[in-house]
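The structure file final35.txt is reproduced below (compact mmCIF, C-alpha atoms and all ligand atoms).
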```txt
# COMPACT_ATOMS: atom_id res chain seq x y z
CA MET A 20 0.00 0.00 0.00
CA LYS A 21 1.24 3.47 -0.84
CA THR A 22 2.16 5.75 2.08
CA THR A 23 1.30 9.01 0.31
CA ALA A 24 -1.58 9.74 -2.04
CA GLU A 25 -3.15 12.64 -3.83
CA VAL A 26 -6.61 11.22 -3.07
CA VAL A 27 -7.72 8.44 -0.71
CA ILE A 28 -11.14 6.98 -1.43
CA ILE A 29 -12.80 5.04 1.39
CA GLY A 30 -15.19 2.38 0.09
CA GLY A 31 -15.04 -0.25 -2.64
CA GLY A 32 -18.67 -0.07 -3.73
CA ILE A 33 -19.94 1.44 -6.97
CA SER A 34 -19.46 5.02 -5.67
CA GLY A 35 -15.83 4.59 -4.66
CA ALA A 36 -14.98 2.50 -7.73
CA ALA A 37 -16.50 4.96 -10.21
CA THR A 38 -14.87 7.93 -8.43
CA ALA A 39 -11.48 6.22 -8.58
CA TYR A 40 -11.93 5.49 -12.28
CA TYR A 41 -12.92 9.02 -13.29
CA LEU A 42 -10.16 10.63 -11.23
CA ALA A 43 -7.56 8.34 -12.80
CA LYS A 44 -9.03 8.82 -16.27
CA LYS A 45 -8.62 12.57 -15.81
CA GLY A 46 -4.95 12.09 -15.00
CA VAL A 47 -4.83 12.07 -11.19
CA LYS A 48 -1.80 9.89 -10.53
CA ASP A 49 -1.84 8.86 -6.90
CA VAL A 50 -5.32 7.59 -6.12
CA VAL A 51 -5.65 4.99 -3.36
CA LEU A 52 -8.90 3.11 -2.82
CA ILE A 53 -9.41 1.39 0.52
CA GLU A 54 -12.03 -1.29 1.15
CA LYS A 55 -12.35 -3.04 4.50
CA GLU A 56 -13.66 -6.26 2.98
CA TYR A 57 -13.93 -7.27 -0.69
CA ILE A 58 -15.12 -5.17 -3.66
CA SER A 59 -18.94 -4.84 -3.55
CA SER A 60 -19.18 -6.30 -0.04
CA GLY A 61 -21.41 -3.38 1.06
CA ALA A 62 -24.80 -2.36 -0.33
CA THR A 63 -23.53 -2.56 -3.90
CA GLY A 64 -23.18 -6.34 -3.92
CA ARG A 65 -26.43 -6.77 -2.00
CA CYS A 66 -28.67 -4.56 -4.09
CA GLY A 67 -31.26 -5.15 -6.79
CA ALA A 68 -29.02 -3.20 -9.20
CA GLY A 69 -32.09 -1.81 -10.94
CA ILE A 70 -31.65 1.40 -12.87
CA ARG A 71 -34.46 3.69 -13.90
CA GLN A 72 -34.85 7.11 -15.43
CA GLN A 73 -38.44 7.46 -14.24
CA TRP A 74 -38.05 10.06 -11.50
CA GLY A 75 -40.19 12.96 -10.34
CA THR A 76 -37.54 15.69 -10.08
CA GLU A 77 -35.58 17.17 -12.95
CA MET A 78 -32.32 16.66 -11.10
CA ASN A 79 -32.84 12.93 -10.55
CA CYS A 80 -34.02 12.40 -14.13
CA ILE A 81 -30.85 14.05 -15.44
CA ILE A 82 -28.49 12.22 -13.05
CA SER A 83 -30.03 8.82 -13.80
CA LYS A 84 -30.28 9.41 -17.56
CA HIS A 85 -26.59 10.30 -17.58
CA SER A 86 -25.76 7.15 -15.58
CA CYS A 87 -27.85 4.98 -17.87
CA GLU A 88 -26.05 6.31 -20.94
CA MET A 89 -22.75 5.53 -19.26
CA PHE A 90 -23.89 2.02 -18.31
CA GLU A 91 -24.77 1.50 -21.98
CA GLN A 92 -21.13 2.21 -22.88
CA ALA A 93 -19.49 0.71 -19.80
CA GLN A 94 -18.70 -2.73 -21.20
CA GLU A 95 -16.64 -1.21 -24.02
CA GLU A 96 -15.31 1.85 -22.27
CA LEU A 97 -14.04 -0.13 -19.29
CA GLU A 98 -12.74 -2.94 -21.54
CA TYR A 99 -14.14 -5.52 -19.16
CA GLU A 100 -13.62 -9.14 -20.13
CA TYR A 101 -16.87 -10.48 -18.60
CA ASP A 102 -20.48 -9.52 -19.20
CA ILE A 103 -21.81 -6.75 -16.95
CA GLU A 104 -25.27 -8.16 -17.82
CA PHE A 105 -26.99 -4.90 -18.67
CA LYS A 106 -30.54 -5.90 -19.51
CA GLN A 107 -32.80 -3.03 -20.60
CA GLY A 108 -36.15 -4.76 -20.19
CA GLY A 109 -37.80 -1.59 -18.91
CA TYR A 110 -39.40 -0.65 -15.59
CA LEU A 111 -43.14 -1.13 -15.28
CA LEU A 112 -44.36 1.12 -12.48
CA LEU A 113 -47.81 0.35 -11.09
CA ALA A 114 -50.29 3.02 -9.98
CA SER A 115 -52.93 1.90 -7.48
CA THR A 116 -54.67 5.21 -6.83
CA GLU A 117 -55.80 8.19 -8.84
CA LYS A 118 -53.35 10.31 -6.87
CA GLU A 119 -50.53 8.04 -8.02
CA GLU A 120 -51.83 8.22 -11.60
CA GLU A 121 -51.74 12.03 -11.42
CA GLN A 122 -48.17 11.91 -10.12
CA PHE A 123 -47.17 9.51 -12.93
CA LYS A 124 -48.68 11.87 -15.50
CA LYS A 125 -46.70 14.80 -14.08
CA ASN A 126 -43.52 12.71 -13.94
CA ILE A 127 -43.91 11.50 -17.52
CA LYS A 128 -44.40 15.06 -18.77
CA LEU A 129 -41.19 16.08 -17.00
CA GLN A 130 -39.30 12.97 -18.16
CA ASN A 131 -40.39 13.44 -21.79
CA SER A 132 -39.26 17.10 -21.67
CA LEU A 133 -35.80 15.83 -20.68
CA GLY A 134 -35.56 13.28 -23.48
CA ILE A 135 -36.70 10.26 -21.45
CA ASP A 136 -39.16 8.31 -23.55
CA SER A 137 -41.47 7.05 -20.77
CA LYS A 138 -45.20 6.60 -21.31
CA LEU A 139 -48.44 6.00 -19.45
CA LEU A 140 -50.01 2.60 -20.18
CA THR A 141 -53.54 1.36 -19.73
CA LEU A 142 -53.86 -1.87 -17.79
CA ASP A 143 -54.47 -3.79 -21.03
CA GLU A 144 -51.28 -2.33 -22.48
CA ALA A 145 -49.40 -3.29 -19.32
CA LYS A 146 -50.66 -6.86 -19.70
CA GLU A 147 -49.11 -6.98 -23.17
CA ILE A 148 -45.75 -6.56 -21.41
CA VAL A 149 -46.49 -8.77 -18.37
CA PRO A 150 -49.43 -11.03 -19.37
CA PHE A 151 -49.90 -12.49 -15.88
CA LEU A 152 -49.97 -9.12 -14.08
CA ASN A 153 -52.93 -9.08 -11.67
CA THR A 154 -54.45 -5.69 -12.45
CA ASP A 155 -57.15 -5.85 -9.74
CA GLY A 156 -56.90 -2.65 -7.76
CA LEU A 157 -54.52 -1.00 -10.24
CA VAL A 158 -55.39 2.17 -12.13
CA CYS A 159 -52.66 2.41 -14.79
CA CYS A 160 -48.91 1.91 -15.27
CA ALA A 161 -45.88 3.87 -16.41
CA PHE A 162 -43.21 2.30 -18.58
CA HIS A 163 -39.79 3.18 -19.91
CA GLN A 164 -38.02 0.62 -22.08
CA LYS A 165 -34.45 1.83 -21.43
CA ASP A 166 -34.66 1.19 -17.68
CA GLY A 167 -33.27 -2.13 -16.53
CA HIS A 168 -30.64 -3.72 -14.37
CA LEU A 169 -27.05 -4.94 -14.30
CA ASN A 170 -24.91 -7.39 -12.42
CA PRO A 171 -23.60 -5.18 -9.58
CA PHE A 172 -20.50 -7.31 -8.89
CA HIS A 173 -19.31 -7.33 -12.49
CA THR A 174 -20.17 -3.66 -13.04
CA THR A 175 -18.22 -2.51 -9.99
CA GLN A 176 -15.32 -4.85 -10.75
CA ALA A 177 -15.23 -3.41 -14.28
CA TYR A 178 -14.69 0.08 -12.81
CA VAL A 179 -12.10 -1.23 -10.35
CA ASN A 180 -10.13 -3.10 -13.03
CA ALA A 181 -10.15 -0.08 -15.34
CA ALA A 182 -9.07 2.17 -12.44
CA LYS A 183 -6.22 -0.22 -11.61
CA ARG A 184 -5.03 -0.18 -15.22
CA LEU A 185 -4.90 3.61 -14.95
CA GLY A 186 -2.71 3.34 -11.84
CA VAL A 187 -5.15 3.38 -8.91
CA ASP A 188 -3.83 1.47 -5.89
CA VAL A 189 -6.72 -0.72 -4.73
CA ASN A 190 -6.46 -2.21 -1.24
CA THR A 191 -9.08 -4.72 -0.14
CA PHE A 192 -9.34 -6.18 3.37
CA THR A 193 -7.86 -2.91 4.63
CA GLU A 194 -9.84 -0.86 7.12
CA VAL A 195 -9.62 2.87 7.68
CA THR A 196 -9.46 3.29 11.45
CA ASP A 197 -9.02 7.07 11.72
CA ILE A 198 -8.63 10.27 9.72
CA SER A 199 -6.03 12.86 10.67
CA VAL A 200 -7.08 16.50 10.53
CA GLU A 201 -4.76 19.39 11.40
CA ASN A 202 -5.87 23.03 11.52
CA GLY A 203 -9.10 22.14 9.76
CA LYS A 204 -7.36 20.30 6.89
CA ILE A 205 -7.11 16.61 6.03
CA VAL A 206 -3.51 15.38 6.44
CA GLY A 207 -3.86 11.62 6.33
CA VAL A 208 -5.73 8.41 7.04
CA LYS A 209 -4.83 5.58 9.37
CA THR A 210 -5.57 2.01 8.39
CA ASN A 211 -5.03 -1.36 10.02
CA LYS A 212 -2.23 -1.88 7.51
CA GLY A 213 -0.43 1.46 7.91
CA ASP A 214 -0.88 5.20 7.48
CA ILE A 215 -1.23 7.25 4.30
CA SER A 216 -0.44 10.97 4.03
CA THR A 217 -2.98 12.76 1.89
CA ASN A 218 -4.82 16.07 1.67
CA ILE A 219 -7.95 14.67 0.07
CA VAL A 220 -10.28 11.97 1.42
CA VAL A 221 -13.49 10.81 -0.26
CA ASN A 222 -16.05 9.25 2.06
CA ALA A 223 -17.78 6.67 -0.16
CA ALA A 224 -18.34 4.29 2.74
CA GLY A 225 -22.07 3.64 2.19
CA GLY A 226 -23.69 2.42 5.42
CA TRP A 227 -20.58 3.36 7.38
CA ALA A 228 -20.36 6.91 6.02
CA GLN A 229 -21.49 8.51 9.28
CA LYS A 230 -18.74 6.67 11.16
CA ILE A 231 -16.15 7.86 8.64
CA GLY A 232 -17.51 11.41 9.02
CA GLN A 233 -16.98 11.17 12.78
CA MET A 234 -13.35 10.15 12.21
CA ALA A 235 -12.88 13.51 10.47
CA GLY A 236 -14.87 15.32 13.17
CA VAL A 237 -17.90 15.86 10.94
CA ASP A 238 -21.39 14.89 12.06
CA LEU A 239 -23.14 13.83 8.85
CA PRO A 240 -26.96 13.65 9.09
CA LEU A 241 -27.02 10.03 7.93
CA TYR A 242 -28.20 6.74 9.36
CA SER A 243 -28.29 3.20 8.01
CA GLU A 244 -31.29 0.97 7.74
CA ARG A 245 -31.53 -2.73 6.86
CA HIS A 246 -33.23 -3.67 3.60
CA GLN A 247 -34.02 -7.26 2.74
CA ILE A 248 -34.13 -8.97 -0.61
CA LEU A 249 -34.38 -12.51 -2.01
CA VAL A 250 -33.75 -14.53 -5.15
CA SER A 251 -35.75 -17.49 -6.45
CA GLU A 252 -34.53 -20.61 -8.14
CA PRO A 253 -33.70 -19.95 -11.82
CA ILE A 254 -36.58 -20.50 -14.24
CA ASP A 255 -37.18 -19.83 -17.95
CA GLU A 256 -37.71 -16.16 -18.74
CA ILE A 257 -41.20 -15.04 -17.77
CA LEU A 258 -40.60 -11.44 -16.74
CA LYS A 259 -38.96 -8.93 -19.04
CA PRO A 260 -39.28 -5.64 -17.11
CA MET A 261 -38.70 -4.73 -13.50
CA VAL A 262 -42.16 -4.51 -11.89
CA MET A 263 -42.27 -1.87 -9.19
CA SER A 264 -44.92 -0.24 -7.05
CA PHE A 265 -44.31 2.58 -4.59
CA SER A 266 -47.68 2.24 -2.86
CA LEU A 267 -47.76 -1.58 -2.78
CA ASN A 268 -44.14 -1.52 -1.70
CA LEU A 269 -42.40 -4.00 -3.97
CA TYR A 270 -39.93 -4.41 -6.78
CA CYS A 271 -39.37 -7.62 -8.71
CA GLN A 272 -37.17 -8.49 -11.68
CA GLN A 273 -35.82 -11.57 -13.44
CA VAL A 274 -32.05 -11.57 -13.92
CA PRO A 275 -30.35 -13.18 -16.94
CA HIS A 276 -29.52 -16.45 -15.17
CA GLY A 277 -33.27 -16.92 -14.56
CA GLY A 278 -33.54 -16.12 -10.85
CA ILE A 279 -36.22 -13.64 -9.80
CA ILE A 280 -34.94 -10.99 -7.41
CA MET A 281 -37.42 -9.09 -5.28
CA GLY A 282 -37.49 -6.78 -2.30
CA ARG A 283 -39.64 -4.38 -0.30
CA GLY A 284 -39.18 -1.70 2.32
CA ASP A 285 -40.29 -1.92 5.92
CA GLU A 286 -40.45 1.06 8.25
CA THR A 287 -39.85 -1.15 11.28
CA GLU A 288 -36.44 -2.32 10.05
CA PRO A 289 -33.53 -1.75 12.47
CA ARG A 290 -31.62 1.50 12.01
CA ASP A 291 -28.11 0.22 12.62
CA LEU A 292 -25.48 -1.83 10.81
CA ARG A 293 -27.25 -5.20 11.06
CA VAL A 294 -27.56 -7.21 7.85
CA THR A 295 -29.30 -10.27 9.26
CA SER A 296 -32.38 -11.76 7.55
CA SER A 297 -35.88 -12.32 8.97
CA TRP A 298 -38.71 -14.75 8.23
CA GLN A 299 -41.14 -11.81 8.52
CA PHE A 300 -39.64 -10.41 5.33
CA LEU A 301 -40.11 -13.71 3.51
CA ASP A 302 -43.71 -13.85 4.67
CA GLU A 303 -44.62 -10.27 3.69
CA MET A 304 -42.67 -10.42 0.43
CA ALA A 305 -44.37 -13.64 -0.64
CA LYS A 306 -47.85 -12.21 0.11
CA THR A 307 -47.20 -8.97 -1.77
CA VAL A 308 -45.54 -10.41 -4.86
CA THR A 309 -47.87 -13.36 -5.41
CA HIS A 310 -50.86 -11.02 -5.28
CA ILE A 311 -49.45 -8.89 -8.12
CA LEU A 312 -47.65 -11.66 -10.05
CA PRO A 313 -49.65 -14.85 -9.19
CA PRO A 314 -47.53 -17.45 -11.08
CA LEU A 315 -44.66 -16.70 -8.72
CA LYS A 316 -46.45 -18.71 -6.03
CA ASN A 317 -45.12 -21.82 -7.79
CA ILE A 318 -41.43 -21.00 -7.59
CA ARG A 319 -39.04 -21.68 -4.73
CA VAL A 320 -36.95 -19.16 -2.85
CA LEU A 321 -33.27 -19.92 -3.24
CA ARG A 322 -31.71 -17.40 -0.87
CA GLN A 323 -32.45 -14.24 1.08
CA TRP A 324 -30.03 -11.60 2.32
CA ALA A 325 -29.94 -7.99 3.47
CA GLY A 326 -27.95 -4.81 2.97
CA LEU A 327 -27.87 -1.25 4.25
CA TYR A 328 -29.71 1.71 2.83
CA ASN A 329 -27.68 4.75 3.88
CA MET A 330 -30.33 7.39 4.52
CA SER A 331 -30.18 11.17 4.56
CA PRO A 332 -33.09 13.28 5.88
CA ASP A 333 -34.51 13.76 2.35
CA ARG A 334 -33.40 10.34 1.03
CA GLN A 335 -31.18 12.08 -1.51
CA PRO A 336 -27.39 11.75 -1.66
CA ILE A 337 -24.90 14.16 -0.17
CA TYR A 338 -22.31 15.09 -2.77
CA GLY A 339 -19.27 17.32 -2.51
CA PRO A 340 -16.87 19.00 -0.12
CA VAL A 341 -17.51 19.57 3.58
CA ASP A 342 -16.97 23.21 4.58
CA GLU A 343 -15.63 22.46 8.08
CA VAL A 344 -12.76 20.21 6.97
CA GLU A 345 -10.72 21.16 3.93
CA GLY A 346 -10.09 18.18 1.65
CA PHE A 347 -12.94 16.03 3.00
CA TYR A 348 -15.51 15.03 0.36
CA VAL A 349 -18.70 13.00 0.74
CA ALA A 350 -20.58 10.72 -1.67
CA ALA A 351 -23.11 9.00 0.59
CA GLY A 352 -26.74 8.91 1.73
CA PHE A 353 -28.01 7.26 -1.45
CA SER A 354 -31.03 5.60 0.14
CA GLY A 355 -32.22 2.97 -2.39
CA HIS A 356 -30.78 4.50 -5.55
CA GLY A 357 -27.01 4.69 -5.22
CA PHE A 358 -26.26 1.91 -7.66
CA MET A 359 -28.07 3.55 -10.56
CA PHE A 360 -26.42 6.89 -9.74
CA GLY A 361 -22.96 5.20 -9.68
CA PRO A 362 -21.38 6.42 -12.93
CA SER A 363 -22.78 9.93 -12.36
CA THR A 364 -21.41 9.83 -8.81
CA GLY A 365 -17.94 9.11 -10.18
CA VAL A 366 -18.14 12.03 -12.59
CA ILE A 367 -19.61 14.41 -9.98
CA MET A 368 -16.97 13.59 -7.37
CA SER A 369 -14.10 13.90 -9.86
CA GLU A 370 -15.41 17.33 -10.90
CA TYR A 371 -15.70 18.52 -7.30
CA ILE A 372 -12.20 17.29 -6.41
CA LEU A 373 -10.57 18.76 -9.51
CA GLY A 374 -12.47 22.05 -9.21
CA GLU A 375 -14.03 21.56 -12.65
CA GLU A 376 -17.28 23.06 -13.85
CA MET A 377 -20.08 20.69 -12.80
CA SER A 378 -21.62 18.86 -15.75
CA LEU A 379 -24.72 17.73 -13.82
CA PRO A 380 -27.18 19.87 -11.82
CA VAL A 381 -26.16 18.76 -8.33
CA ASP A 382 -25.56 22.07 -6.50
CA ALA A 383 -28.63 21.40 -4.38
CA LEU A 384 -27.15 18.12 -3.08
CA THR A 385 -24.33 19.49 -0.90
CA LEU A 386 -24.31 18.94 2.85
CA ASN A 387 -25.23 22.61 3.37
CA ARG A 388 -28.82 21.99 2.27
CA PHE A 389 -29.64 20.56 5.71
CA LYS A 390 -28.30 23.65 7.54
CA GLU A 391 -30.17 25.89 5.12
CA GLY A 392 -33.39 23.87 5.39
CA LYS A 393 -33.41 23.27 1.62
CA LEU A 394 -34.44 19.63 1.61
CA ILE A 395 -35.41 18.04 -1.69
CA PHE A 396 -38.76 16.40 -2.29
CA GLU A 397 -38.56 13.46 -4.69
CA PRO A 398 -41.98 11.79 -5.04
CA SER A 399 -40.67 8.57 -6.60
CA VAL A 400 -38.38 6.93 -4.05
CA VAL A 401 -38.57 3.43 -2.61
P1 LIG B 1 -21.44 0.55 -0.55
O1 LIG B 1 -21.67 -0.35 -1.68
O2 LIG B 1 -22.09 0.22 0.74
O3 LIG B 1 -19.87 0.59 -0.36
C1 LIG B 1 -19.27 1.17 0.77
C2 LIG B 1 -18.04 0.35 1.09
O4 LIG B 1 -17.28 1.02 2.10
C3 LIG B 1 -18.38 -1.02 1.66
O5 LIG B 1 -17.92 -2.03 0.78
C4 LIG B 1 -17.67 -1.04 3.01
O6 LIG B 1 -17.11 -2.31 3.33
C5 LIG B 1 -16.61 0.04 2.84
N1 LIG B 1 -16.18 0.62 4.11
C6 LIG B 1 -16.97 1.08 5.10
N2 LIG B 1 -16.23 1.49 6.13
C7 LIG B 1 -14.93 1.32 5.77
C8 LIG B 1 -13.69 1.56 6.44
N3 LIG B 1 -13.63 2.05 7.68
N4 LIG B 1 -12.54 1.26 5.78
C9 LIG B 1 -12.57 0.74 4.51
N5 LIG B 1 -13.73 0.48 3.86
C10 LIG B 1 -14.89 0.78 4.48
N6 LIG B 1 -29.77 1.03 -5.66
C11 LIG B 1 -30.13 1.12 -6.96
O7 LIG B 1 -29.71 2.05 -7.65
N7 LIG B 1 -30.97 0.20 -7.52
C12 LIG B 1 -31.49 -0.84 -6.82
O8 LIG B 1 -32.23 -1.65 -7.37
C13 LIG B 1 -31.13 -0.94 -5.45
N8 LIG B 1 -31.62 -1.96 -4.70
C14 LIG B 1 -31.20 -2.12 -3.40
C15 LIG B 1 -31.61 -3.22 -2.67
C16 LIG B 1 -31.11 -3.45 -1.38
C17 LIG B 1 -31.58 -4.65 -0.61
C18 LIG B 1 -30.17 -2.53 -0.83
C19 LIG B 1 -29.59 -2.77 0.53
C20 LIG B 1 -29.78 -1.41 -1.55
C21 LIG B 1 -30.28 -1.18 -2.83
N9 LIG B 1 -29.88 -0.08 -3.59
C22 LIG B 1 -30.25 0.02 -4.90
C23 LIG B 1 -29.03 0.95 -3.01
C24 LIG B 1 -27.59 0.73 -3.44
O9 LIG B 1 -27.19 -0.59 -3.15
C25 LIG B 1 -26.64 1.69 -2.72
O10 LIG B 1 -27.16 3.00 -2.72
C26 LIG B 1 -25.28 1.72 -3.41
O11 LIG B 1 -24.82 0.41 -3.66
C27 LIG B 1 -24.29 2.47 -2.54
O12 LIG B 1 -23.01 2.26 -3.07
P2 LIG B 1 -21.76 2.84 -2.29
O13 LIG B 1 -20.57 2.51 -3.08
O14 LIG B 1 -22.02 4.27 -1.99
O15 LIG B 1 -21.79 2.07 -0.88
```
Kindly transcribe the structure held in the file into structure tokens.
Amino acid sequence: MKTTAEVVIIGGGISGAATAYYLAKKGVKDVVLIEKEYISSGATGRCGAGIRQQWGTEMNCIISKHSCEMFEQAQEELEYEYDIEFKQGGYLLLASTEKEEEQFKKNIKLQNSLGIDSKLLTLDEAKEIVPFLNTDGLVCCAFHQKDGHLNPFHTTQAYVNAAKRLGVDVNTFTEVTDISVENGKIVGVKTNKGDISTNIVVNAAGGWAQKIGQMAGVDLPLYSERHQILVSEPIDEILKPMVMSFSLNLYCQQVPHGGIIMGRGDETEPRDLRVTSSWQFLDEMAKTVTHILPPLKNIRVLRQWAGLYNMSPDRQPIYGPVDEVEGFYVAAGFSGHGFMFGPSTGVIMSEYILGEEMSLPVDALTLNRFKEGKLIFEPSVV
């Protein structure tokens, strides 16, 4: 491991990996990435890895559209030898109330104005895409063909491998234990394998981001919350799009190897660093999904697991420098959408660190918004 670095990135998930890649691509020589376990061991390797451009705020539409376009090129750009499994089967969003339908109509108008080709579907049209969809109690659906999902392990590894080829020093099974700050400036990080002198630290530590903030003396308004997910046995393809409902609280998709991955939120989940699994999740998940997609009652669950949503007060990420400590940057608080923002996160963080003009409209996402009471309202989060 290097003992000096221009930039130290803490976290080997999609955010840290993409940041390392874009910094190195722009010519930053001494980038060190530190991961306490293996690449994608945090939320990234535990997530649904769904990506959608169907958002309700202009900012999120633009960030996710940009990411999607980069995912489309990632296989080639990153020269990755395996398949990152980008399947653009679309996202079918279900509306169960007239209020939700109204929101979808507003969202689609906004999305279309930004070049996102989403559309409102009648229930009959939705059944052309998912013939066994139980439309009882539904009002309409929204659909965008270019939404989809990837393999999160391969995608993140593709960024890591490309970053390494550009000279990034990647250290797995290495834990940052403290951050040294002198006179309000970052001067180094301590790890269980030695110290590194640096003036720039990027906190891309996902569920542990608040802890990393504390090491630098910064109290980030973040907490972590368990989210559970499961995969079925592999079966022949029956489901092309991701099926998602905000009000019914579910998402469900079939991945290329045939397994069906599904998850749901639960307000009673523990708010700490636990990633254990519960039978209550299995029970609730099975009831919800088999109501909407009845044939799924015939397939077996292969495995369940959990990961951490890192939550900010408005469930939107915190991007950028921290005023109190010079050289300390944050990319955290992604709630349930940090994977799909990944490539954009890398670009955004590299622009902040290099003092470049920002190419995406993320000024409103700095830490200062909480002090200033300028929280963001995004109607389409899970
Ligand atoms: P992480 O992937 O958590 O990476 C942070 C890394 O930092 C970890 O690997 C950790 O080990 C490391 N670290 C922490 N502390 C230290 C330390 N002291 N020293 C060294 N390393 C350290 N998002 C989507 O876009 N689409 C989805 O469909 C989706 N589904 C989800 C489903 C579930 C069940 C969960 C849990 C999340 C889901 N998300 C989804 C959210 C998404 O997974 C996260 O927002 C995203 O992966 C965050 O990436 P990250 O790189 O910021 O953090």
Practice problem: Can you work out the spacing between atom CA of A:Gln247 and atom O7 of ligand LIG 1 (chain B) in Å, to one decimal? | Solution: 14.6 Å
Quiz item: Which residues, protein or nucleic acid, reach to within 10 Å of (-13.5, 16.8, -8.5) in the file's coordinates when using only C-alpha atoms, and can you give that as an NGL selection string?
Solution: :A and (38 or 41-42 or 45 or 339-340 or 348 or 365-377)
Output as CSV one row per residue of chain A within 6 Å of ligand LIG 1 (chain B): the closest atom pair and its distance in Å to one decimal place, counting all atoms listed in the file, sorted by chain and residue number ascending.
```
residue,atom,partner,partner_atom,distance
A:Ile29,CA,B:LIG1,N5,5.3
A:Gly30,CA,B:LIG1,O4,3.2
A:Gly31,CA,B:LIG1,O5,4.8
A:Gly32,CA,B:LIG1,O13,3.3
A:Ile33,CA,B:LIG1,O13,4.1
A:Ser34,CA,B:LIG1,O13,3.8
A:Gly35,CA,B:LIG1,O13,5.4
A:Ile53,CA,B:LIG1,C9,5.1
A:Glu54,CA,B:LIG1,N5,3.7
A:Lys55,CA,B:LIG1,C9,3.8
A:Glu56,CA,B:LIG1,O6,5.3
A:Ser59,CA,B:LIG1,O5,5.3
A:Ser60,CA,B:LIG1,O5,4.5
A:Gly61,CA,B:LIG1,O2,3.7
A:Ala62,CA,B:LIG1,O2,3.9
A:Thr63,CA,B:LIG1,O11,3.2
A:Arg65,CA,B:LIG1,C19,5.7
A:Cys66,CA,B:LIG1,C15,3.5
A:Gly67,CA,B:LIG1,O8,3.7
A:Ala68,CA,B:LIG1,O8,4.0
A:Gly69,CA,B:LIG1,O8,3.6
A:Ile70,CA,B:LIG1,N7,5.5
A:Thr193,CA,B:LIG1,C9,6.0
A:Glu194,CA,B:LIG1,N4,3.7
A:Val195,CA,B:LIG1,N4,3.8
A:Thr196,CA,B:LIG1,N3,5.8
A:Ala223,CA,B:LIG1,O14,5.2
A:Ala224,CA,B:LIG1,O4,3.5
A:Gly225,CA,B:LIG1,O15,3.5
A:Gly226,CA,B:LIG1,O2,5.4
A:Trp227,CA,B:LIG1,C6,4.8
A:His246,CA,B:LIG1,C17,4.6
A:Gln247,CA,B:LIG1,C17,4.9
A:Ile248,CA,B:LIG1,C17,5.0
A:Ala325,CA,B:LIG1,C17,5.5
A:Gly326,CA,B:LIG1,C19,3.6
A:Leu327,CA,B:LIG1,C19,4.4
A:Tyr328,CA,B:LIG1,C19,5.0
A:Ala351,CA,B:LIG1,O14,5.5
A:Phe353,CA,B:LIG1,O10,4.5
A:Ser354,CA,B:LIG1,O10,5.5
A:Gly355,CA,B:LIG1,C23,3.8
A:His356,CA,B:LIG1,O7,3.4
A:Gly357,CA,B:LIG1,O10,3.0
A:Phe358,CA,B:LIG1,O7,3.5
A:Met359,CA,B:LIG1,O7,3.7
```
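Taking all atoms listed in the file into account, A:Gln273 lies nearest to A:Gly167 out of the set A:Pro332, A:Gly392, A:Gly156, A:Gly167.
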Quiz item: Which of these residues is nearest to A:Gly232, using only C-alpha atoms: A:Val349, A:Val179, A:Leu292, A:Gly282?
Solution: A:Val349
Practice problem: Could you check how far atom CA of A:Ala228 sits from atom CA of A:Met304, in Å to one decimal? | Solution: 28.8 Å
Practice problem: Excluding A:Asp214 and any residue of its chain fewer than 6 positions from it, enumerate the residues within 8 Å of it, using all atoms listed in the file, and give them as a list in words. | Solution: Thr22, Gly207 and Val208 of chain A
Quiz item: So, counting all atoms listed in the file, which residue among A:Gly75, A:Asp382, A:Ser296, A:Asn268 is closest to A:Leu133?
Solution: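 Looking at the shortest contact to A:Leu133, the residue is A:Gly75.
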Quiz prompt | atom CA of A:Asn131 to atom CA of A:Ser363, straight-line distance in Å | solution = 20.3 Å
Exercise. Name the residues in contact with A:Ile311 at a cut-off of 8 Å, using all atoms listed in the file, excluding same-chain residues fewer than 4 positions from it; report them as an MDAnalysis selection string.
Key: chainID A and resid 152:154 307
Output for the residues just chosen: C-alpha atoms as a tab-separated table (two decimals), in the coordinates of the input:
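Contents of selection-v2.tsv, as written:
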```
chain	number	residue	atom	x	y	z
A	152	LEU	CA	-49.97	-9.12	-14.08
A	153	ASN	CA	-52.93	-9.08	-11.67
A	154	THR	CA	-54.45	-5.69	-12.45
A	307	THR	CA	-47.20	-8.97	-1.77
```
Exercise. Do a neighbour search on stretch 113-123 of chain A at 12 Å with only C-alpha atoms, toss out local chain neighbours closer than 3 positions, and write the hits as a ChimeraX atom specification.
Key: /A:73-76,110,126-131,137-142,145-146,149,152-163,261-271,311,397-399
Exercise. Kindly indicate which residue among A:Met89, A:Val341, A:Leu315, A:Leu52 lies nearest to A:Leu258, using all atoms listed in the file for the distances.
Key: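 Nearest candidate to A:Leu258 out of A:Met89, A:Val341, A:Leu315, A:Leu52: A:Leu315.
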Practice problem: Identify, on the basis of only C-alpha atoms, every residue whose closest approach to A:Gln94 does not exceed 12 Å; exclude the query and any residue fewer than 3 positions from it along the same chain; express the result as a PyMOL selection string. | Solution: chain A and resi 88-91+97-105+169-170+173-178+180-181
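With only C-alpha atoms as the atoms that count, the minimum distance from A:Ile135 to the choices A:Leu111, A:Glu77, A:Phe172, A:Met281 is reached by A:Glu77.
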Practice problem: Considering all atoms listed in the file, return as a ChimeraX atom specification whatever protein or nucleic-acid residues lie within 9 Å of A:Gly203, sequence-local ones (same chain, fewer than 4 positions apart) excluded. | Solution: /A:343-345
All file atoms of stretch 277-288 of chain A boxed axis-aligned, 4 Å per side, centre plus edges, as AutoDock Vina command-line options:
```
--center_x -36.9 --center_y -7.9 --center_z -1.6 --size_x 15.2 --size_y 26.0 --size_z 33.8
```
